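The structure file entry.txt is reproduced below (compact mmCIF, C-alpha atoms).
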# COMPACT_ATOMS: atom_id res chain seq x y z
CA MET A 1 0.00 0.00 0.00
CA LEU A 2 2.86 2.32 0.85
CA ALA A 3 4.55 1.60 -2.46
CA GLU A 4 1.29 2.28 -4.30
CA ARG A 5 0.75 5.62 -2.56
CA LEU A 6 4.34 6.64 -3.29
CA GLY A 7 4.16 5.36 -6.86
CA LEU A 8 7.19 3.15 -6.29
CA PRO A 9 8.03 -0.49 -7.01
CA GLN A 10 7.99 -2.90 -4.07
CA VAL A 11 10.66 -5.57 -3.62
CA THR A 12 9.72 -7.77 -0.69
CA LEU A 13 10.62 -10.82 1.39
CA ALA A 14 14.34 -10.42 0.71
CA SER A 15 16.75 -12.97 2.19
CA GLU A 16 19.66 -11.17 0.54
CA LEU A 17 19.93 -7.63 -0.80
CA THR A 18 22.47 -5.58 -2.75
CA VAL A 19 22.38 -2.11 -4.23
CA THR A 20 24.43 -1.17 -7.32
CA GLY A 21 24.01 2.16 -9.03
CA GLY A 22 20.32 2.93 -9.12
CA THR A 23 19.18 -0.69 -8.85
CA VAL A 24 18.29 -2.90 -5.89
CA THR A 25 18.67 -6.66 -6.34
CA ILE A 26 17.27 -9.19 -3.89
CA ARG A 27 17.03 -12.93 -3.51
CA ARG A 28 13.67 -14.24 -2.37
CA ASP A 29 13.40 -17.86 -1.23
CA GLY A 30 9.92 -18.93 -2.24
CA ASP A 31 8.34 -22.36 -1.94
CA LEU A 32 8.85 -23.42 -5.54
CA ALA A 33 12.03 -21.55 -6.37
CA SER A 34 14.63 -19.07 -5.19
CA VAL A 35 14.23 -16.01 -7.38
CA THR A 36 16.34 -12.94 -8.03
CA ILE A 37 14.30 -9.75 -8.28
CA THR A 38 15.52 -6.32 -9.36
CA ALA A 39 13.94 -2.90 -9.38
CA SER A 40 15.08 0.65 -9.90
CA LEU A 41 15.50 2.89 -6.89
CA PRO A 42 13.74 4.45 -5.07
CA ALA A 43 11.78 1.37 -4.00
CA VAL A 44 9.94 0.06 -0.97
CA VAL A 45 11.86 -2.94 0.38
CA SER A 46 11.03 -5.58 2.98
CA VAL A 47 13.26 -8.30 4.41
CA THR A 48 12.78 -11.60 6.20
CA ASP A 49 14.64 -12.72 9.33
CA GLN A 50 17.06 -14.59 7.04
CA ILE A 51 18.61 -11.33 5.86
CA ASN A 52 21.37 -10.96 8.44
CA GLU A 53 22.44 -11.07 12.08
CA PRO A 54 21.70 -7.67 13.63
CA ARG A 55 24.56 -5.85 15.35
CA TYR A 56 24.46 -5.49 19.09
CA PRO A 57 24.51 -1.88 20.31
CA SER A 58 27.76 -0.74 21.92
CA PHE A 59 27.73 1.00 25.28
CA LYS A 60 28.76 4.19 23.49
CA GLY A 61 25.82 3.76 21.13
CA ILE A 62 23.35 3.29 23.98
CA MET A 63 24.62 6.46 25.71
CA ALA A 64 24.54 8.44 22.46
CA ALA A 65 20.95 7.29 21.85
CA LYS A 66 19.77 9.33 24.85
CA LYS A 67 20.88 12.54 23.11
CA LYS A 68 19.48 11.80 19.64
CA PRO A 69 16.70 14.15 18.51
CA VAL A 70 13.18 12.74 18.05
CA GLN A 71 11.10 14.67 15.51
CA THR A 72 7.35 14.81 16.16
CA TRP A 73 4.80 15.85 13.53
CA SER A 74 1.11 16.59 14.01
CA LEU A 75 -1.49 15.83 11.33
CA ALA A 76 -1.60 19.55 10.54
CA ASP A 77 2.21 19.61 10.02
CA LEU A 78 1.81 16.92 7.37
CA GLY A 79 -1.31 18.43 5.80
CA ILE A 80 -3.46 15.41 6.63
CA ASP A 81 -7.20 15.81 7.06
CA PRO A 82 -8.12 14.29 10.45
CA GLY A 83 -11.34 12.87 9.00
CA SER A 84 -9.39 10.73 6.57
CA VAL A 85 -7.37 8.85 9.19
CA GLY A 86 -7.96 6.98 12.43
CA LEU A 87 -11.06 4.99 13.26
CA ALA A 88 -13.42 7.54 11.67
CA GLY A 89 -11.56 7.42 8.38
CA ALA A 90 -11.07 3.64 8.18
CA TRP A 91 -12.12 1.83 5.03
CA THR A 92 -12.93 -1.38 6.92
CA LYS A 93 -14.73 -2.04 10.17
CA VAL A 94 -14.60 -4.76 12.79
CA LYS A 95 -18.15 -5.79 13.64
CA SER A 96 -17.34 -8.22 16.42
CA PHE A 97 -14.67 -10.51 17.76
CA ALA A 98 -14.56 -13.51 20.05
CA LYS A 99 -11.91 -15.58 21.75
CA ARG A 100 -11.56 -18.96 20.11
CA PRO A 101 -12.79 -21.61 22.59
CA PRO A 102 -9.96 -23.75 23.97
CA ARG A 103 -9.55 -27.17 22.42
CA ALA A 104 -10.74 -30.11 24.47
CA VAL A 105 -7.90 -32.57 24.90
CA GLY A 106 -8.65 -35.93 23.32
CA GLN A 107 -7.16 -39.32 23.97
CA ILE A 108 -3.50 -39.78 24.90
CA VAL A 109 -1.96 -43.26 24.94
CA THR A 110 1.47 -44.38 26.09
CA ASP A 111 3.35 -46.57 23.64
CA GLU A 112 3.96 -50.01 25.12
CA GLY A 113 4.54 -51.71 21.79
CA GLU A 114 1.20 -50.86 20.15
CA GLY A 115 1.34 -47.04 19.98
CA GLY A 116 1.76 -46.88 16.21
CA THR A 117 -1.04 -49.37 15.61
CA LYS A 118 -3.39 -47.34 17.82
CA LEU A 119 -2.43 -44.20 15.90
CA ALA A 120 -3.30 -45.92 12.61
CA GLU A 121 -6.62 -47.08 14.10
CA PHE A 122 -7.48 -43.52 15.11
CA LEU A 123 -6.71 -42.26 11.61
CA SER A 124 -8.85 -44.98 10.02
CA ALA A 125 -11.73 -44.29 12.39
CA GLN A 126 -11.51 -40.57 11.52
CA LYS A 127 -11.48 -41.47 7.82
CA PHE A 128 -8.11 -39.92 7.05
CA ILE A 129 -7.23 -42.82 4.77
CA MET B 1 -26.43 -10.64 -9.62
CA ALA B 2 -23.15 -8.91 -8.91
CA GLU B 3 -20.04 -10.06 -10.71
CA ILE B 4 -17.28 -11.24 -8.36
CA LEU B 5 -13.72 -11.12 -9.69
CA VAL B 6 -11.42 -14.00 -8.73
CA LEU B 7 -7.72 -13.68 -9.53
CA VAL B 8 -6.49 -17.06 -10.77
CA ASP B 9 -3.39 -18.50 -9.08
CA HIS B 10 -1.71 -20.66 -11.71
CA VAL B 11 1.53 -21.81 -13.29
CA ASP B 12 1.23 -21.79 -17.08
CA GLY B 13 -2.47 -22.56 -16.84
CA ALA B 14 -2.25 -25.28 -14.17
CA VAL B 15 -4.71 -23.80 -11.70
CA ARG B 16 -3.96 -24.15 -7.99
CA LYS B 17 -6.53 -25.60 -5.60
CA THR B 18 -6.86 -22.28 -3.77
CA THR B 19 -8.45 -20.76 -6.90
CA PHE B 20 -11.22 -23.40 -6.84
CA GLU B 21 -11.81 -22.47 -3.18
CA LEU B 22 -12.10 -18.78 -4.19
CA LEU B 23 -14.56 -19.61 -6.99
CA THR B 24 -16.71 -21.57 -4.51
CA ILE B 25 -16.76 -18.58 -2.15
CA ALA B 26 -17.43 -16.21 -5.07
CA ARG B 27 -20.59 -18.18 -5.91
CA ARG B 28 -22.03 -17.29 -2.48
CA LEU B 29 -21.57 -13.60 -3.24
CA GLY B 30 -22.53 -13.35 -6.91
CA GLU B 31 -21.42 -14.59 -10.32
CA PRO B 32 -17.75 -15.61 -10.42
CA SER B 33 -15.55 -14.15 -13.16
CA ALA B 34 -12.04 -15.54 -13.21
CA VAL B 35 -9.15 -13.23 -14.11
CA LEU B 36 -6.31 -15.11 -15.77
CA VAL B 37 -3.04 -13.24 -16.11
CA GLY B 38 -0.38 -14.89 -18.24
CA ALA B 39 -0.21 -17.82 -20.64
CA GLY B 40 -2.18 -21.04 -20.29
CA PHE B 41 -5.81 -20.18 -21.08
CA ASP B 42 -6.36 -23.41 -23.01
CA VAL B 43 -5.07 -25.42 -20.07
CA ALA B 44 -6.98 -23.45 -17.41
CA LYS B 45 -10.33 -22.99 -19.14
CA ASP B 46 -11.92 -26.36 -18.34
CA ALA B 47 -10.77 -26.39 -14.74
CA LEU B 48 -12.13 -22.88 -14.17
CA ALA B 49 -15.43 -23.83 -15.84
CA GLN B 50 -15.71 -26.94 -13.65
CA TYR B 51 -15.62 -24.80 -10.52
CA GLY B 52 -18.18 -22.28 -11.60
CA ALA B 53 -16.44 -19.48 -13.49
CA GLU B 54 -19.10 -17.79 -15.66
CA LYS B 55 -16.54 -15.62 -17.40
CA ILE B 56 -12.78 -15.68 -17.82
CA TYR B 57 -11.07 -12.34 -18.37
CA ARG B 58 -7.65 -12.99 -19.77
CA VAL B 59 -4.55 -10.91 -20.26
CA ASP B 60 -1.38 -12.35 -21.67
CA SER B 61 1.23 -9.81 -22.61
CA ALA B 62 4.87 -9.50 -21.70
CA GLU B 63 4.11 -6.07 -20.23
CA VAL B 64 2.08 -7.75 -17.53
CA THR B 65 3.86 -11.04 -16.99
CA ASP B 66 7.44 -9.79 -17.05
CA TYR B 67 6.95 -7.50 -14.07
CA LEU B 68 5.86 -8.23 -10.53
CA VAL B 69 2.61 -7.26 -8.86
CA ALA B 70 2.03 -3.70 -10.13
CA PRO B 71 0.87 -4.57 -13.68
CA THR B 72 -1.56 -7.24 -12.37
CA ALA B 73 -2.92 -4.65 -9.94
CA GLU B 74 -3.46 -2.29 -12.89
CA VAL B 75 -5.31 -5.00 -14.83
CA LEU B 76 -7.60 -5.64 -11.86
CA ALA B 77 -8.14 -1.91 -11.30
CA ALA B 78 -9.22 -1.52 -14.94
CA LEU B 79 -11.66 -4.45 -14.54
CA VAL B 80 -13.02 -2.99 -11.29
CA ALA B 81 -13.69 0.25 -13.14
CA SER B 82 -15.34 -1.39 -16.16
CA ALA B 83 -17.23 -4.29 -14.53
CA ALA B 84 -18.13 -2.69 -11.16
CA PRO B 85 -17.90 -6.06 -9.35
CA GLY B 86 -19.38 -6.77 -5.95
CA ALA B 87 -15.97 -7.85 -4.63
CA VAL B 88 -12.51 -8.98 -5.69
CA LEU B 89 -11.18 -12.23 -4.20
CA ILE B 90 -7.46 -13.01 -4.21
CA SER B 91 -5.55 -15.83 -2.58
CA SER B 92 -3.54 -14.94 0.56
CA SER B 93 -0.14 -15.72 -0.91
CA PRO B 94 2.57 -13.06 -0.42
CA GLU B 95 2.16 -11.97 -4.04
CA GLY B 96 -1.64 -12.09 -3.76
CA LYS B 97 -1.59 -9.80 -0.75
CA GLU B 98 0.70 -7.31 -2.50
CA ILE B 99 -1.55 -7.21 -5.57
CA ALA B 100 -4.58 -6.79 -3.30
CA ALA B 101 -2.89 -3.94 -1.41
CA ARG B 102 -1.97 -1.97 -4.52
CA LEU B 103 -5.46 -2.61 -5.94
CA ALA B 104 -7.08 -1.32 -2.76
CA ILE B 105 -5.25 2.00 -2.96
CA LYS B 106 -5.79 2.31 -6.71
CA THR B 107 -9.54 1.87 -6.35
CA GLY B 108 -9.94 3.62 -2.98
CA SER B 109 -11.32 0.42 -1.48
CA GLY B 110 -11.18 -1.29 1.88
CA LEU B 111 -9.00 -4.39 2.07
CA LEU B 112 -9.45 -7.39 4.37
CA THR B 113 -6.60 -9.92 4.40
CA ASP B 114 -6.25 -13.54 5.48
CA ALA B 115 -9.97 -14.22 5.69
CA VAL B 116 -10.92 -17.78 6.62
CA ASP B 117 -14.56 -17.28 5.64
CA VAL B 118 -16.56 -14.82 3.53
CA GLN B 119 -20.34 -14.47 3.54
CA ALA B 120 -22.75 -12.13 1.77
CA GLY B 121 -24.14 -9.36 3.97
CA GLU B 122 -27.25 -7.29 3.39
CA GLY B 123 -27.26 -4.81 0.53
CA GLY B 124 -24.42 -6.46 -1.37
CA THR B 125 -21.88 -6.03 1.42
CA VAL B 126 -19.35 -8.71 2.23
CA HIS B 127 -18.60 -10.04 5.73
CA THR B 128 -15.34 -11.76 6.51
CA THR B 129 -14.10 -13.93 9.35
CA GLN B 130 -10.43 -13.61 10.17
CA SER B 131 -8.42 -15.71 12.60
CA VAL B 132 -6.02 -13.36 14.40
CA PHE B 133 -3.38 -13.36 17.15
CA ALA B 134 -2.02 -16.79 16.21
CA GLY B 135 -5.52 -18.21 16.01
CA GLY B 136 -6.49 -17.01 19.49
CA TYR B 137 -9.33 -14.75 18.32
CA MET B 138 -11.90 -14.74 15.51
CA VAL B 139 -12.88 -11.35 14.05
CA GLN B 140 -15.97 -10.46 11.98
CA ALA B 141 -15.30 -7.51 9.69
CA THR B 142 -16.64 -5.69 6.68
CA VAL B 143 -15.49 -3.15 4.09
CA THR B 144 -16.97 0.35 4.39
CA LYS B 145 -15.50 2.05 1.31
CA GLY B 146 -15.22 1.13 -2.35
CA THR B 147 -15.22 -2.37 -3.78
CA PRO B 148 -14.44 -4.99 -1.10
CA ILE B 149 -11.08 -6.60 -1.75
CA VAL B 150 -10.54 -9.77 0.25
CA THR B 151 -7.57 -12.13 0.41
CA ILE B 152 -8.46 -15.63 1.53
CA LYS B 153 -6.31 -18.28 3.20
CA PRO B 154 -5.98 -21.76 1.71
CA ASN B 155 -8.14 -24.56 3.16
CA SER B 156 -10.90 -22.12 4.08
CA VAL B 157 -13.60 -23.99 2.21
CA ALA B 158 -14.02 -27.27 0.34
CA PRO B 159 -14.13 -26.47 -3.39
CA GLU B 160 -17.49 -27.34 -5.01
CA ALA B 161 -17.55 -28.53 -8.58
CA VAL B 162 -20.37 -26.66 -10.33
CA SER B 163 -20.42 -26.09 -14.05
CA GLY B 164 -19.86 -22.52 -15.24
CA ALA B 165 -20.09 -20.98 -18.72
CA ALA B 166 -16.48 -19.74 -18.68
CA VAL B 167 -17.06 -17.24 -21.48
CA ASP B 168 -13.75 -16.01 -22.88
CA GLN B 169 -13.18 -12.26 -22.51
CA GLN B 170 -9.86 -11.15 -23.80
CA VAL B 171 -8.75 -7.91 -22.15
CA GLU B 172 -6.66 -5.32 -23.96
CA ILE B 173 -4.76 -3.11 -21.63
CA SER B 174 -1.66 -1.00 -21.70
CA ILE B 175 0.35 -0.84 -18.54
CA SER B 176 1.76 2.41 -17.17
CA GLN B 177 5.52 2.94 -17.29
CA GLY B 178 5.70 3.22 -13.51
CA ALA B 179 4.38 -0.31 -13.05
CA LYS B 180 7.13 -1.81 -15.16
CA THR B 181 10.13 -1.95 -12.86
CA ALA B 182 10.24 -4.86 -10.37
CA ARG B 183 11.10 -8.01 -12.31
CA ILE B 184 12.39 -11.50 -11.79
CA THR B 185 15.78 -11.81 -13.45
CA ASP B 186 16.70 -15.34 -12.37
CA SER B 187 14.99 -18.35 -10.89
CA GLN B 188 16.50 -21.43 -9.24
CA PRO B 189 13.64 -23.92 -8.93
CA ARG B 190 13.69 -26.21 -5.92
CA ALA B 191 13.69 -29.95 -6.51
CA ALA B 192 10.01 -30.92 -6.45
CA SER B 193 9.31 -33.22 -3.52
CA GLY B 194 6.22 -34.69 -5.15
CA ARG B 195 4.31 -33.84 -1.97
CA PRO B 196 1.53 -31.26 -1.69
CA GLU B 197 2.37 -27.63 -0.95
CA LEU B 198 2.52 -26.98 2.78
CA THR B 199 -0.11 -24.26 3.22
CA GLU B 200 -2.59 -25.94 0.84
CA ALA B 201 -2.21 -29.56 1.97
CA ALA B 202 -5.12 -31.33 3.63
CA ILE B 203 -2.69 -33.23 5.88
CA VAL B 204 0.63 -31.99 7.29
CA VAL B 205 3.15 -34.12 9.19
CA SER B 206 5.91 -32.13 10.90
CA GLY B 207 9.15 -33.20 12.53
CA GLY B 208 11.08 -31.40 15.25
CA ARG B 209 14.08 -31.74 17.54
CA GLY B 210 13.01 -35.28 18.41
CA THR B 211 13.98 -36.49 14.92
CA ALA B 212 17.63 -35.74 15.72
CA GLY B 213 18.07 -34.84 12.05
CA ASP B 214 16.62 -38.05 10.60
CA PHE B 215 13.30 -37.17 8.93
CA SER B 216 12.94 -40.53 7.14
CA LYS B 217 10.27 -41.90 9.49
CA VAL B 218 8.36 -38.61 9.32
CA GLU B 219 8.53 -38.64 5.52
CA GLU B 220 7.42 -42.27 5.17
CA PHE B 221 4.50 -41.65 7.50
CA ALA B 222 3.60 -38.49 5.55
CA ASP B 223 3.74 -40.39 2.26
CA SER B 224 1.39 -43.09 3.58
CA LEU B 225 -1.15 -40.25 4.11
CA GLY B 226 -0.31 -38.21 0.99
CA ALA B 227 0.70 -35.41 3.31
CA ALA B 228 3.01 -32.42 3.13
CA VAL B 229 6.05 -32.40 5.41
CA GLY B 230 6.70 -29.48 7.76
CA ALA B 231 9.37 -28.73 10.32
CA SER B 232 9.69 -26.92 13.63
CA ARG B 233 12.05 -23.98 14.01
CA ALA B 234 14.53 -26.18 15.89
CA ALA B 235 14.73 -28.53 12.92
CA VAL B 236 15.17 -25.66 10.46
CA ASP B 237 17.79 -23.84 12.54
CA ALA B 238 19.71 -27.12 12.79
CA GLY B 239 19.71 -27.27 8.99
CA TRP B 240 17.64 -30.47 8.76
CA TYR B 241 14.87 -28.95 6.65
CA PRO B 242 14.58 -25.71 4.65
CA HIS B 243 13.03 -22.53 6.04
CA SER B 244 10.21 -22.76 3.51
CA SER B 245 9.00 -25.87 5.42
CA GLN B 246 8.98 -24.17 8.80
CA VAL B 247 5.63 -24.11 10.58
CA GLY B 248 5.24 -21.50 13.27
CA GLN B 249 5.28 -17.82 14.13
CA THR B 250 8.30 -17.00 11.97
CA GLY B 251 7.44 -19.63 9.38
CA LYS B 252 4.20 -20.68 7.76
CA GLU B 253 0.75 -20.75 9.26
CA VAL B 254 -1.16 -23.88 8.27
CA SER B 255 -4.70 -25.00 9.00
CA PRO B 256 -5.07 -28.45 7.47
CA GLN B 257 -7.69 -31.12 8.17
CA LEU B 258 -5.02 -33.08 10.04
CA TYR B 259 -1.74 -31.96 11.63
CA VAL B 260 0.69 -34.51 13.08
CA ALA B 261 3.56 -33.18 15.23
CA ALA B 262 6.37 -35.71 15.72
CA GLY B 263 9.20 -34.95 18.13
CA ILE B 264 7.92 -31.39 18.58
CA SER B 265 7.48 -30.04 22.10
CA GLY B 266 4.83 -27.52 21.09
CA ALA B 267 6.28 -24.20 22.23
CA ILE B 268 3.88 -21.29 21.77
CA GLN B 269 5.70 -20.08 18.64
CA HIS B 270 5.12 -23.42 16.92
CA ARG B 271 1.52 -23.62 18.09
CA ALA B 272 0.89 -20.20 16.57
CA GLY B 273 1.50 -21.80 13.19
CA MET B 274 -0.83 -24.81 13.49
CA GLN B 275 -3.32 -24.61 16.34
CA THR B 276 -6.33 -23.92 14.12
CA SER B 277 -5.90 -27.30 12.37
CA LYS B 278 -9.10 -29.33 12.47
CA THR B 279 -7.54 -32.47 14.00
CA ILE B 280 -4.21 -32.48 15.83
CA ILE B 281 -2.07 -35.50 16.68
CA ALA B 282 1.28 -35.58 18.48
CA VAL B 283 3.95 -38.19 19.05
CA ASN B 284 6.54 -37.27 21.67
CA LYS B 285 8.70 -39.10 24.22
CA ASP B 286 7.90 -36.46 26.84
CA ALA B 287 4.45 -36.82 28.43
CA GLU B 288 4.71 -33.24 29.73
CA ALA B 289 5.29 -31.69 26.30
CA PRO B 290 2.90 -28.71 25.86
CA ILE B 291 1.83 -30.05 22.45
CA PHE B 292 -0.31 -32.65 24.26
CA GLU B 293 -2.59 -29.83 25.50
CA LEU B 294 -3.82 -29.40 21.92
CA VAL B 295 -4.27 -32.94 20.68
CA ASP B 296 -7.26 -34.95 19.60
CA PHE B 297 -5.03 -38.00 19.84
CA GLY B 298 -1.54 -38.31 21.29
CA VAL B 299 1.05 -41.03 21.69
CA VAL B 300 3.70 -40.74 24.40
CA GLY B 301 6.48 -42.68 22.78
CA ASP B 302 9.49 -42.66 20.49
CA LEU B 303 8.63 -41.51 16.96
CA PHE B 304 11.25 -43.93 15.61
CA THR B 305 9.07 -46.85 16.75
CA VAL B 306 5.59 -45.33 16.71
CA LEU B 307 5.67 -43.79 13.21
CA PRO B 308 7.02 -46.84 11.34
CA GLN B 309 4.45 -49.05 13.07
CA ALA B 310 1.68 -46.63 12.09
CA THR B 311 3.01 -46.32 8.51
CA LYS B 312 3.01 -50.10 8.13
CA ALA B 313 -0.54 -50.39 9.45
CA LEU B 314 -1.80 -47.60 7.18
CA ASN B 315 -0.14 -49.05 4.10
CA ALA B 316 -1.61 -52.47 4.91
CA THR B 317 -5.10 -50.96 5.22
CA LYS B 318 -4.72 -49.19 1.88
CA ALA B 319 -3.48 -52.31 0.09

Can the structure in the file be given as structure tokens, please?
Amino acid sequence: MLAERLGLPQVTLASELTVTGGTVTIRRDGDLASVTITASLPAVVSVTDQINEPRYPSFKGIMAAKKKPVQTWSLADLGIDPGSVGLAGAWTKVKSFAKRPPRAVGQIVTDEGEGGTKLAEFLSAQKFI
Amino acid sequence: MAEILVLVDHVDGAVRKTTFELLTIARRLGEPSAVLVGAGFDVAKDALAQYGAEKIYRVDSAEVTDYLVAPTAEVLAALVASAAPGAVLISSSPEGKEIAARLAIKTGSGLLTDAVDVQAGEGGTVHTTQSVFAGGYMVQATVTKGTPIVTIKPNSVAPEAVSGAAVDQQVEISISQGAKTARITDSQPRAASGRPELTEAAIVVSGGRGTAGDFSKVEEFADSLGAAVGASRAAVDAGWYPHSSQVGQTGKEVSPQLYVAAGISGAIQHRAGMQTSKTIIAVNKDAEAPIFELVDFGVVGDLFTVLPQATKALNATKA
């Protein structure tokens, strides 16, 4: 959605990413294949947890973080009409929700030589084969 | 009756099961029109007709198929403008969700993702059920602006074979320059396992730390059931199975008819990926393993003896 609003390509689910010149190239590991995807920059990019090992912050970094400026914008600063955002401006609506009832635990057997057979019997009785 | 657009998920015209599920849901809401992007119309036509498609819009040009997501979103946006459908249904794959997202912004429409059920509401509205917070809560929602765009998870409904007219509607469309940038430049296909795809399979058998790296008994048991094979995070981190097979919070979420967890303790992160399965079975040496809190049937035992015995019995029954 962000890419669409910005009019940019999206390059997502990257396990590996490189930038050369004005192009971003990623590897995405899908179910059927590992694909290489490229797009021109600027682009909206997303990564999976396979992308890298994050650095740990140094003590110096943690201390410096306390002094870093945090910029705050109001809706008016960004020229956004309050009626078009938030709950009032939402394009979908939740009508109701409910907690899923907990599962009742079924039968548990201890294998004393017949565990696998009993498992097969359960599957037959439940028509899974 | 309102037209309902269904984006076809296919490889060269071989239509995936999720599309038949979408067509079945579309029939509840109106008249299904399939949208086929890419080559393979002659292959797909009969299958789409068999599951109720009254019309098939088709687009096959390099402009659309060479680039990811954005051109397909433009095709759908053009069809939304010309056909004024009651809803657009897309499968909840990563690509499907991206197409749905761009389409929602293009058409100024509300988007509901990962629905597990869709029903018609009054006045042509559409009501969805979503399973959220790792399956802990069910949410009823609706779209309040534009044309409802809904992405639907696999295994949400049993596909119903109902004959449709499948009238061919070729679509001419030119794609904007801006949509033509993200492209696939190389593809390394994985060796096909011959087993069903994990998120679509009716039965999933997963192995965990208890396999100690040997998945053979899990695989043989899975094959006796025609099941897909999944893995816990422990098994994937240890390098025993690829990340694309991982079931859990940082892997795939599955909701098959039957889920069998072998040598998996059932930590909350794994449960998040499978606890909405219709029937759950576990095999684990540890009687205290949390997985046993979820099961319809459990065996406290060694998977290396229990699974082969079960496989043998199942194969004998089938013979």

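You can rank B:Val88, B:Ala165, B:Val157, B:Leu112 by their closest distance to chain A using only C-alpha atoms, and at the top of that list sits B:Leu112.
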
If you take all atoms listed in the file and a cut-off of 6 Å, which residues of chain A touch chain B, and what are their nearest atom pairs and distances in Å to one decimal, in chain and number order, as CSV?
residue,atom,partner,partner_atom,distance
A:Met1,CA,B:Ala101,CA,5.1
A:Glu4,CA,B:Arg102,CA,5.4
A:Pro9,CA,B:Ala182,CA,5.9
A:Asp31,CA,B:Ser244,CA,5.8
A:Leu32,CA,B:Arg190,CA,5.6
A:Ala33,CA,B:Pro189,CA,3.8
A:Ser34,CA,B:Gln188,CA,5.0
A:Val35,CA,B:Ser187,CA,4.3
A:Thr36,CA,B:Asp186,CA,5.0
A:Ile37,CA,B:Ile184,CA,4.4
A:Thr38,CA,B:Ala182,CA,5.6
A:Ala39,CA,B:Ala182,CA,4.3
A:Trp91,CA,B:Gly110,CA,4.5
A:Thr92,CA,B:Val143,CA,4.2
A:Lys93,CA,B:Thr142,CA,5.4
A:Val94,CA,B:Ala141,CA,4.2
A:Lys95,CA,B:Ala141,CA,5.2
A:Ser96,CA,B:Gln140,CA,5.2
A:Phe97,CA,B:Val139,CA,4.2
A:Ala98,CA,B:Met138,CA,5.4
A:Lys99,CA,B:Tyr137,CA,4.4
A:Arg100,CA,B:Tyr137,CA,5.1
A:Val105,CA,B:Val295,CA,5.6
A:Gly106,CA,B:Asp296,CA,4.1
A:Gln107,CA,B:Phe297,CA,4.8
A:Ile108,CA,B:Gly298,CA,4.4
A:Val109,CA,B:Val299,CA,5.0
A:Thr110,CA,B:Val300,CA,4.6
A:Asp111,CA,B:Gly301,CA,5.1
A:Gly115,CA,B:Val306,CA,5.6
A:Gly116,CA,B:Ala310,CA,4.1
A:Thr117,CA,B:Ala310,CA,5.2
A:Ala120,CA,B:Ala310,CA,5.1

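Nearest residue to Gln50 of chain B, choosing from B:Ser232, B:Ser265, B:Thr19, B:Gln246 and counting only C-alpha atoms: B:Thr19.
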
Compile the contact shell of segment 20-22 of chain A as a JSON list (two decimals) with C-alpha atoms, keeping the file's coordinate frame: residues with an atom at most 10 Å away, counting all atoms listed in the file, same-chain residues fewer than 2 positions apart removed.
[["chain", "number", "residue", "atom", "x", "y", "z"],
["A", 18, "THR", "CA", 22.47, -5.58, -2.75],
["A", 24, "VAL", "CA", 18.29, -2.90, -5.89],
["A", 25, "THR", "CA", 18.67, -6.66, -6.34],
["A", 39, "ALA", "CA", 13.94, -2.90, -9.38],
["A", 40, "SER", "CA", 15.08, 0.65, -9.90],
["A", 41, "LEU", "CA", 15.50, 2.89, -6.89],
["A", 42, "PRO", "CA", 13.74, 4.45, -5.07]]

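Going from atom CA of Ala228 of chain B to atom CA of Ser163 of chain B covers 29.7 Å.
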
For atom CA of Asp66 of chain B and atom CA of Val47 of chain A, determine how far apart the two atoms are, in Å to one decimal place.
-> 22.3 Å

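Nearest residue to Phe215 of chain B, choosing from B:Ala319, B:Ala231, B:Ala2, B:Val8 and counting all atoms listed in the file: B:Ala231.
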
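Computed from the coordinates, the atom CA of Ala39 of chain B to atom CA of Tyr57 of chain B distance equals 12.4 Å.
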
Residues within 7 Å of (11.4, -5.3, -3.6), counting all atoms listed in the file, listed as a PDB file with C-alpha atoms, in the frame of the given file:
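Okay, this is what ended up in point.pdb:
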ATOM      1  CA  PRO A   9       8.030  -0.490  -7.010  1.00  0.00           C
ATOM      2  CA  GLN A  10       7.990  -2.900  -4.070  1.00  0.00           C
ATOM      3  CA  VAL A  11      10.660  -5.570  -3.620  1.00  0.00           C
ATOM      4  CA  THR A  12       9.720  -7.770  -0.690  1.00  0.00           C
ATOM      5  CA  ALA A  39      13.940  -2.900  -9.380  1.00  0.00           C
ATOM      6  CA  ALA A  43      11.780   1.370  -4.000  1.00  0.00           C
ATOM      7  CA  VAL A  44       9.940   0.060  -0.970  1.00  0.00           C
ATOM      8  CA  VAL A  45      11.860  -2.940   0.380  1.00  0.00           C
ATOM      9  CA  SER A  46      11.030  -5.580   2.980  1.00  0.00           C
TER      10      SER A  46
ATOM     11  CA  ALA B 182      10.240  -4.860 -10.370  1.00  0.00           C
TER      12      ALA B 182
END

Around all the atoms of segment 159-175 of chain B listed in the file, draw an axis-aligned box and extend it by 3 Å on each of the six sides; I want its centre and edge lengths in Å to one decimal, as JSON.
{"center_x": -10.0, "center_y": -14.7, "center_z": -13.7, "size_x": 26.8, "size_y": 33.7, "size_z": 26.6}
